[in-house]
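Undergrad: My questions will all concern the structure given below.
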Amino acid sequence: MQKLMGTTVYGGIGRGVIKYFHRDEIAISKARVVDTMRELRKFAYARNEVEEELKKLYEQSVPVVGEDEAQIFLIHQMILDDSQYVDSMESLILNEHCNAEYAVVRTVKMFSKMMEETSSESEYISERIADIRDVSARLLRHIQNRDEKDFKLDEMSIVCADDFLPSETIRLDKSKVAAICTSYGSANSHTAILARTRGIPCIIGMGGELKESLENKYCVVDSYSGIMYIEPDNETSKLLDHKEAVEGRKRELLTRLRGRKNVTRDGREIEVLANICDLTDIENAKRNDCGGIGLLRSEYLYTGKNDFPDEEMQFYNYRRVLTEMQGKPVTIRTMDIGADAGLDYFGLDQEKNPALGFRSIRVCLSRPQIFKTQLRALYRASIYGDLRILFPMIVQPGEIIRIKEIIDEVKAELIQEDKPFKDDISLGALIETPAAVMLSDLLAEQVDFFSIGTNDLEQFSNAIYRHNPHFEDIVPDDHICVLRMIKTVCDNGHAHGLKVYICGEFGADTSYTEVFLDLHIDGLSVTPTNILPVRKTIRSLNLSDRRQVRQNIQKYLKC
């Protein structure tokens, strides 16, 4: 028996033979051409063919994975029409007299290198690289008049690859896919999205040990633990059978919590909301019975672009999420972008520590026209649901005062243009810096609610970047510093009649749910898959048993 380990994307047990996804790897070299116009015509023909192909893929994908997930092929159409992308290939053909195939390959390498260098730690950028490679592979295939590779599965299979391109994942026959395993990829990659959307056990980041020589070997994937067992022995198989039965019962019990209230045994109710990154997460949030959206990160509208998103594009996106949530609260965070995003069109100077630099609300207030475009779109969309706007990286009350001045300008413009909007939108401050904690009594006089971003609050208060490999060694397991700051924010917020939410990863840690409730947190905003487990924990608590609660609070707060 052989064991391979990776990162879990979607939990489950999958059994089958390993089928390795093979791509046609064709070496393409540079060839000098005399008739450059002929190469341009080949390129134009390929673009037209790919455009038609992507339209069909979108139409075929909607009934399989839903409209939100299928929009990836609309994004691919945008890449295909991107002027910088197209101009690069056409310029290479004309200026270097090279063949069209080489122009595509050279452009892909140039774009990939540029994006990797500007944001090496960004999962979003990694996904956009995969999108560019996917579109480019289609162009190459049509330039060379090759048919699309068919990948058929005759039996239940564990489908493996280095990673999958979006168009490859969508073609997999779910009825024959027991699990998906990849050597690379990220939790927000298209492979991961497909797995979560279609309920397929999935492990990513398994490294170089996942290789083609494993083809046709029987294996069992335990993606609850992130382990692939190749040719497991009888004892391991029995243990996995038992685990599958136990996890199945747990999942069934959780589904029974849909439609139930998030209320403790002694009657204390708390909101449980969803954190989402973009429109593709809405369906998952609804499927897990969220009470609304506690955090929509609006950066997805800005990243991977060559220019600022216009008002109409933003308006469409905000209206879409508000409409989809059918009156449930939707909190949209204004863009949180700095030099580390690698967006040249922002014109931000490179910084040694962009996490602590000129970013987020600081960029918005220094460039009010960019900010006003987003605010106009938000206010116009507000008539379609219960919109709340959250402002990140707040450190002082003066920032909120300036924000309100810009909002007044936006309202005046919309009134003059006879464009409807809600006048009473709740405005919130994202408490994610020690400064905001210390001034939360003053900030509470300026906003309608607080949302505590525990991810950044943890790294800023402990003075260590949360992606630093030593983070876990330095940050104390009991999170005592952050818990005390949460208490301060709750006390100051409630003294002014504000609701206080937690929207960081910490909020999903059910071992602290009782502590959060006893600190009188009003709501927890977590990833969609954590909603039902958090609800289960809430419903199991009895806060009226003060002796037990006091012991738990003292354990964490040491007070």
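In the structure tokens, the first chain shown is A, the next is B, and so on; residue numbers restart at 1 for each chain, and ligands run from 1 in the order shown.
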List the spatial neighbours of region 15-24 of chain A as a VMD selection string - criterion: any atom at most 7 Å away, only C-alpha atoms, same-chain residues fewer than 2 positions off excluded.
TA: chain A and resid 13 26 156 to 161 178 212 214 to 221
Undergrad: Using only C-alpha atoms, determine which residues lie at most 10 Å from Glu39 (chain A), disregarding the query and same-chain residues fewer than 4 positions distant; provide the list as a list in words.
TA: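 Counting only the stated atoms, we get Val33, Val34, Asp35, Phe43, Ala44, Tyr45, Glu90, Ile93, Leu94, His97, Cys98, Asn99, Ala100, Glu101, Ala103 and Ile143 of chain A.
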Undergrad: Pick out the residues sitting within 12 Å of region 206-210 of chain A, and hand them over as a PyMOL selection string; count only C-alpha atoms, and ignore anything fewer than 4 positions along from it in its own chain.
TA: chain A and resi 2-9+18-21+158-163+180-186+202+214-215+223+226-230
Undergrad: Let me see the file: selected residues, N, CA and C atoms, as an mmCIF file, in the first residue's frame.
TA:
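Output file out-v2.cif follows:
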data_model
loop_
_atom_site.group_PDB
_atom_site.id
_atom_site.type_symbol
_atom_site.label_atom_id
_atom_site.label_comp_id
_atom_site.auth_asym_id
_atom_site.auth_seq_id
_atom_site.Cartn_x
_atom_site.Cartn_y
_atom_site.Cartn_z
ATOM 1 N N GLN A 2 0.465 2.242 -0.790
ATOM 2 C CA GLN A 2 1.188 3.501 -0.874
ATOM 3 C C GLN A 2 0.246 4.640 -0.485
ATOM 4 N N LYS A 3 0.751 5.616 0.272
ATOM 5 C CA LYS A 3 -0.059 6.744 0.708
ATOM 6 C C LYS A 3 0.494 8.039 0.125
ATOM 7 N N LEU A 4 -0.381 8.837 -0.492
ATOM 8 C CA LEU A 4 -0.026 10.171 -0.959
ATOM 9 C C LEU A 4 -0.916 11.176 -0.239
ATOM 10 N N MET A 5 -0.349 12.331 0.088
ATOM 11 C CA MET A 5 -1.108 13.323 0.849
ATOM 12 C C MET A 5 -1.165 14.655 0.122
ATOM 13 N N GLY A 6 -2.265 15.381 0.356
ATOM 14 C CA GLY A 6 -2.436 16.697 -0.237
ATOM 15 C C GLY A 6 -3.410 17.529 0.579
ATOM 16 N N THR A 7 -4.000 18.529 -0.057
ATOM 17 C CA THR A 7 -4.923 19.454 0.605
ATOM 18 C C THR A 7 -6.361 19.155 0.203
ATOM 19 N N THR A 8 -7.221 19.007 1.192
ATOM 20 C CA THR A 8 -8.628 18.696 0.923
ATOM 21 C C THR A 8 -9.355 19.910 0.354
ATOM 22 N N VAL A 9 -10.120 19.663 -0.700
ATOM 23 C CA VAL A 9 -10.980 20.683 -1.286
ATOM 24 C C VAL A 9 -12.443 20.381 -0.984
ATOM 25 N N ILE A 18 -7.106 4.485 -10.993
ATOM 26 C CA ILE A 18 -6.517 5.770 -11.348
ATOM 27 C C ILE A 18 -6.485 5.928 -12.864
ATOM 28 N N LYS A 19 -7.047 7.041 -13.314
ATOM 29 C CA LYS A 19 -6.967 7.410 -14.728
ATOM 30 C C LYS A 19 -6.295 8.777 -14.809
ATOM 31 N N TYR A 20 -5.139 8.780 -15.460
ATOM 32 C CA TYR A 20 -4.365 10.014 -15.537
ATOM 33 C C TYR A 20 -4.740 10.781 -16.802
ATOM 34 N N PHE A 21 -5.065 12.043 -16.626
ATOM 35 C CA PHE A 21 -5.463 12.872 -17.768
ATOM 36 C C PHE A 21 -4.223 13.282 -18.555
ATOM 37 N N ILE A 158 -10.577 7.359 -10.346
ATOM 38 C CA ILE A 158 -9.944 8.463 -9.631
ATOM 39 C C ILE A 158 -9.181 9.245 -10.702
ATOM 40 N N VAL A 159 -9.693 10.382 -11.079
ATOM 41 C CA VAL A 159 -9.112 11.143 -12.188
ATOM 42 C C VAL A 159 -7.994 12.027 -11.661
ATOM 43 N N CYS A 160 -6.798 11.866 -12.232
ATOM 44 C CA CYS A 160 -5.609 12.564 -11.746
ATOM 45 C C CYS A 160 -4.979 13.382 -12.874
ATOM 46 N N ALA A 161 -4.299 14.450 -12.482
ATOM 47 C CA ALA A 161 -3.585 15.293 -13.447
ATOM 48 C C ALA A 161 -2.669 16.232 -12.682
ATOM 49 N N ASP A 162 -1.771 16.896 -13.402
ATOM 50 C CA ASP A 162 -0.994 17.972 -12.765
ATOM 51 C C ASP A 162 -1.982 19.012 -12.241
ATOM 52 N N ASP A 163 -2.868 19.423 -13.082
ATOM 53 C CA ASP A 163 -4.005 20.273 -12.744
ATOM 54 C C ASP A 163 -4.922 20.264 -13.951
ATOM 55 N N ILE A 180 -11.251 13.377 -7.611
ATOM 56 C CA ILE A 180 -10.284 14.120 -8.425
ATOM 57 C C ILE A 180 -9.071 14.406 -7.561
ATOM 58 N N CYS A 181 -7.869 14.137 -8.099
ATOM 59 C CA CYS A 181 -6.626 14.421 -7.387
ATOM 60 C C CYS A 181 -5.664 15.133 -8.339
ATOM 61 N N THR A 182 -5.032 16.200 -7.857
ATOM 62 C CA THR A 182 -4.085 16.928 -8.705
ATOM 63 C C THR A 182 -2.774 17.167 -7.967
ATOM 64 N N SER A 183 -1.712 17.299 -8.744
ATOM 65 C CA SER A 183 -0.396 17.573 -8.160
ATOM 66 C C SER A 183 -0.295 19.003 -7.670
ATOM 67 N N TYR A 184 -0.989 19.904 -8.376
ATOM 68 C CA TYR A 184 -0.874 21.328 -8.048
ATOM 69 C C TYR A 184 -2.280 21.905 -7.892
ATOM 70 N N GLY A 185 -2.401 23.217 -8.050
ATOM 71 C CA GLY A 185 -3.713 23.856 -7.951
ATOM 72 C C GLY A 185 -3.899 24.559 -6.621
ATOM 73 N N SER A 186 -5.017 25.298 -6.524
ATOM 74 C CA SER A 186 -5.330 26.053 -5.314
ATOM 75 C C SER A 186 -6.771 25.786 -4.904
ATOM 76 N N CYS A 202 -12.230 15.583 -3.521
ATOM 77 C CA CYS A 202 -11.115 16.187 -4.268
ATOM 78 C C CYS A 202 -9.960 16.536 -3.335
ATOM 79 N N LEU A 214 1.144 5.543 -12.058
ATOM 80 C CA LEU A 214 0.103 4.971 -11.188
ATOM 81 C C LEU A 214 -1.160 4.588 -11.964
ATOM 82 N N GLU A 215 -1.162 4.865 -13.238
ATOM 83 C CA GLU A 215 -2.325 4.580 -14.099
ATOM 84 C C GLU A 215 -2.830 3.152 -13.912
ATOM 85 N N SER A 223 -10.702 12.111 1.089
ATOM 86 C CA SER A 223 -10.468 13.549 0.993
ATOM 87 C C SER A 223 -10.945 14.299 2.235
ATOM 88 N N GLY A 226 -7.396 14.196 3.304
ATOM 89 C CA GLY A 226 -6.425 14.572 2.280
ATOM 90 C C GLY A 226 -5.432 13.475 1.958
ATOM 91 N N ILE A 227 -5.888 12.204 1.998
ATOM 92 C CA ILE A 227 -4.975 11.066 1.766
ATOM 93 C C ILE A 227 -5.501 10.174 0.639
ATOM 94 N N MET A 228 -4.599 9.783 -0.243
ATOM 95 C CA MET A 228 -4.912 8.798 -1.283
ATOM 96 C C MET A 228 -4.205 7.493 -0.927
ATOM 97 N N TYR A 229 -4.988 6.415 -0.800
ATOM 98 C CA TYR A 229 -4.428 5.094 -0.491
ATOM 99 C C TYR A 229 -4.392 4.278 -1.779
ATOM 100 N N ILE A 230 -3.195 3.972 -2.261
ATOM 101 C CA ILE A 230 -3.044 3.213 -3.496
ATOM 102 C C ILE A 230 -2.895 1.738 -3.150
#
Undergrad: Pick out the residues sitting within 10 Å of Pro533 (chain A), and hand them over as a PyMOL selection string; count only C-alpha atoms, and ignore anything fewer than 5 positions along from it in its own chain.
TA: chain A and resi 250-251+254-255+257+508-510+538
Undergrad: Would you mind exporting C-alpha atoms of the selected residues as a PDB file, in the first residue's frame?
TA:
ATOM      1  CA  LYS A 250     -22.949  13.419  10.041  1.00  0.00           C
ATOM      2  CA  ARG A 251     -23.690  15.022   6.684  1.00  0.00           C
ATOM      3  CA  LEU A 254     -26.421  18.520   9.109  1.00  0.00           C
ATOM      4  CA  THR A 255     -28.809  18.735   6.147  1.00  0.00           C
ATOM      5  CA  LEU A 257     -30.595  21.779  10.025  1.00  0.00           C
ATOM      6  CA  ALA A 508     -15.902  29.146  11.777  1.00  0.00           C
ATOM      7  CA  ASP A 509     -13.908  27.552  14.610  1.00  0.00           C
ATOM      8  CA  THR A 510     -16.714  25.852  16.526  1.00  0.00           C
ATOM      9  CA  ILE A 538     -25.043  27.038  18.320  1.00  0.00           C
TER      10      ILE A 538
END
Undergrad: Could you pull out the alpha helix (DSSP H) residues of region 335-510 of chain A, going by DSSP on the backbone, and write them as a VMD selection string?
TA: chain A and resid 361 to 366 368 to 381 397 to 416 434 to 438 440 to 443 454 to 462 471 to 474 480 to 495
Undergrad: Residues within 7 Å of Gly292 (chain A), please, as an NGL selection string. Count only C-alpha atoms; anything in the same chain fewer than 4 positions from it doesn't count.
TA: :A and (273-274 or 325 or 328-330)
Undergrad: Go ahead and save the picked residues with N, CA and C atoms, as a PDB file, in the first residue's frame.
TA:
ATOM      1  N   LEU A 273     -24.022  33.970   8.545  1.00  0.00           N
ATOM      2  CA  LEU A 273     -23.983  34.484   7.182  1.00  0.00           C
ATOM      3  C   LEU A 273     -22.840  33.841   6.406  1.00  0.00           C
ATOM      4  N   ALA A 274     -22.758  34.146   5.119  1.00  0.00           N
ATOM      5  CA  ALA A 274     -21.740  33.535   4.259  1.00  0.00           C
ATOM      6  C   ALA A 274     -20.714  34.554   3.787  1.00  0.00           C
ATOM      7  N   MET A 325     -30.239  36.892  -3.453  1.00  0.00           N
ATOM      8  CA  MET A 325     -30.441  36.667  -2.020  1.00  0.00           C
ATOM      9  C   MET A 325     -31.869  36.987  -1.573  1.00  0.00           C
ATOM     10  N   LYS A 328     -32.568  38.908   1.733  1.00  0.00           N
ATOM     11  CA  LYS A 328     -31.658  38.662   2.851  1.00  0.00           C
ATOM     12  C   LYS A 328     -30.536  39.698   2.816  1.00  0.00           C
ATOM     13  N   PRO A 329     -29.947  40.033   3.968  1.00  0.00           N
ATOM     14  CA  PRO A 329     -28.907  41.067   3.984  1.00  0.00           C
ATOM     15  C   PRO A 329     -27.673  40.668   3.175  1.00  0.00           C
ATOM     16  N   VAL A 330     -27.119  41.642   2.479  1.00  0.00           N
ATOM     17  CA  VAL A 330     -25.902  41.437   1.693  1.00  0.00           C
ATOM     18  C   VAL A 330     -24.914  42.541   2.051  1.00  0.00           C
TER      19      VAL A 330
END
Undergrad: If we count only C-alpha atoms, what is near Asp278 (chain A) at a cut-off of 8 Å, once residues fewer than 5 positions away on the same chain are taken out, given as a list in words?
TA: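 The residues that qualify are Leu296, Arg297, Ser298 and Tyr300 of chain A.
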Undergrad: Could you save those same residues with C-alpha atoms as a short mmCIF file (atom, residue, chain, number, x, y, z; two decimals), in the first residue's frame?
TA:
data_model
loop_
_atom_site.label_atom_id
_atom_site.label_comp_id
_atom_site.auth_asym_id
_atom_site.auth_seq_id
_atom_site.Cartn_x
_atom_site.Cartn_y
_atom_site.Cartn_z
CA LEU A 296 -18.67 39.88 -0.47
CA ARG A 297 -15.10 40.73 -1.43
CA SER A 298 -15.49 43.11 -4.36
CA TYR A 300 -12.82 40.16 -8.08
#
